[in-house]
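Structure, as structure tokens:
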Amino acid sequence: MEHSDPPSPGEAPSDSSVLRAVGLITGDMRLCGEWVKRQVLVVQLLDWVLRGVAQVMFVNNPISGLLITTGLFLQNPWWALNALIGTFVSTASAVLLGQNREAISAGLHGYNGTLVGMLMAVFSAKGSWYWWLLLPNVFMSMLCPVVSSALSSVAGKWDLPIFTLPFNILLCLHVAATGVNHPYFPEVDFKPNQDHLLALNDTVQSLHVSQLLLSVPVGVGQVYGCDSPWTGGLVLLALLLCSPTICFHAMWGSAAGMLSGFALAAPLEDIYSGLWGYNSALSCIAIGGVFYVLTWQTHLLAVVCALFCAYMTGAVSKLMSVLALPACTWPFCLSTLIFLLISSEIRAICRLPLFRVSNPEQNRRYWRQLKEKEKAEQSREDGEQNGGPNFTLVVDLARSETA
């Protein structure tokens, strides 16, 4: 047996050390979460707020939340400030209401507040640094855990998530209650688009390929109401840090939405600004490995859901504009809930129970463990029926020897 000399101080660390270091900041950062639980409340709140910002994209990672927050500040510091205030108020309200502490620490009571605070600032006709806007922001964000808890009581009967339904309800409530002519909190005008659809030849002639490609990361950033490609790039980097699968499906879904908007002859400005991509990106992430175990069948299902969501976006946007309301993420919620309610006899299309939902990589590990357990139990039953050896014991023995 060969003995290797210990590495000198000037040598690079071993691959295993690098992998362990990378593992500390990727995925759900569970070790960080366990450490935060032993710290003072201020440190815990900071971790919860950053995880809440990231949970908008189904990501439970504080560093990802920090990267996304940086992107929001690059887009507009006033919008980012409102998003952070909304996240903090929503999280603190959940603590005061006695909501589940594990859900709070995972940011699940903060992400709706992030969107409420962000989009209230985006849709405000008063522009940036209108400090009175913080009053409805705080009030609506405070109601997020109330609406979330009520909806969860209903959706829990079917083991379904509530997604961003609280955000949709509260933001539409605020916009409908204030409107364009409100003296203190006027909103931008959501008029129906009366422009005729461009002919296909005119659309192709005026098409800019570079802007079309940029619309993919911009569509991901539009989940937060941002149309800057830099913000979209930082959001994608945050997703890649936590889960490469989520990052891939976000780009795939945004591209599917962009292509669908082009096929439906939507205005090019809407396509370039990512308005056709953000709902499809969320739908593709949700189906492609978050709530379903990732297989090639569920990947195809995620792509179909993204295309369906794009059609839903076109229909819902027109209907909501008649009511002078934004489409928000209603298309994502409706289309994804439909795809979560389907039934199939294909074992590869496996929807996870909500309490087991994590990032796609972790979900797939859990699924493989279940399959190994089923095989071991089947082998034990076959061995008992045939009077043969206990195969489970053999497998366990082989594992112990390799360990």
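Chain labels run A, B, ... following the order of the structure tokens; each chain numbers its residues from 1, and ligands are numbered from 1 in the order shown.
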
**Message:** So that I can check the surroundings of Leu173 (chain A), please list as a list in words every protein, DNA and RNA residue that reaches within 10 Å of it, counting only C-alpha atoms and ignoring chain neighbours fewer than 6 positions away.
**Reply:**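 The residues that qualify are Met140, Phe167 and Leu325 of chain A.
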
**Asked** What lies within 12 Å of Leu96 (chain A) using only C-alpha atoms, ignoring chain neighbours under 6 positions off, as a list of chain:residue names?
**Response**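 Here the answer would be A:Val89, A:Ser90, A:Ile104, A:His109, A:Met142, A:Leu143, A:Pro145, A:Val146.
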
**Request:** For each of A:Leu72, A:Cys284, A:Leu294, A:Val53, take the minimum atom-to-atom distance to Ser228 (chain A), counting only C-alpha atoms, then give the residue where this is smallest.
**Result:**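 So, comparing all the options, the nearest one is A:Leu72.
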
**Asked** For Ala327 (chain A), which of A:Leu108, A:Val42, A:Met57, A:Cys172 is the closest residue, counting only C-alpha atoms?
**Response**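 For Ala327 (chain A), the nearest of the given residues is A:Cys172.
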
**Prompt:** Between A:Phe308, A:Phe339, A:Trp131, A:Phe332, which is the closest to Tyr292 (chain A) once you count only C-alpha atoms?
**Reply:**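 Smallest distance to Tyr292 (chain A) is found for A:Phe339.
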
**Message:** From the options A:Ile169, A:Met258, A:Ala176, A:Val223, which residue's atoms come nearest to Leu323 (chain A), counting only C-alpha atoms?
**Reply:**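 Of the candidates, the smallest distance to Leu323 (chain A) is held by A:Ala176.
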
**Item:** Polymer residues at most 7 Å from Leu50 (chain A), only C-alpha atoms, same-chain spacing of 6 or more positions, as a list in words
**Value:** Pro62, Gly65 and Leu66 of chain A

**Prompt:** Which residue out of A:Tyr311, A:Cys328, A:Tyr130, A:Leu239 has the minimum interatomic distance to Ala263 (chain A) when only C-alpha atoms are used?
**Reply:**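 Going through A:Tyr311, A:Cys328, A:Tyr130, A:Leu239 one by one, the smallest distance to Ala263 (chain A) is for A:Tyr311.
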
**Request:** Write out as an MDAnalysis selection string all residues of region 129-361 of chain A that DSSP puts in helix (DSSP H, G or I) for this structure's backbone.
**Result:** chainID A and resid 131:158 165:178 200:205 209:224 229:242 244:263 268:272 278:290 296:322 330:340 354:356 360:361

**Prompt:** So, counting only C-alpha atoms, which residue among A:Phe58, A:Trp296, A:Trp330, A:Phe139 is closest to Ala348 (chain A)?
**Reply:**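 Answer, going by the shortest atom-to-atom distance: A:Trp296.
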
**Request:** Write out as an MDAnalysis selection string the residues lying within 10 Å of Tyr184 (chain A), counting only C-alpha atoms and excluding same-chain residues fewer than 3 positions away.
**Result:** chainID A and resid 125:126 130 132:133 178 181 187
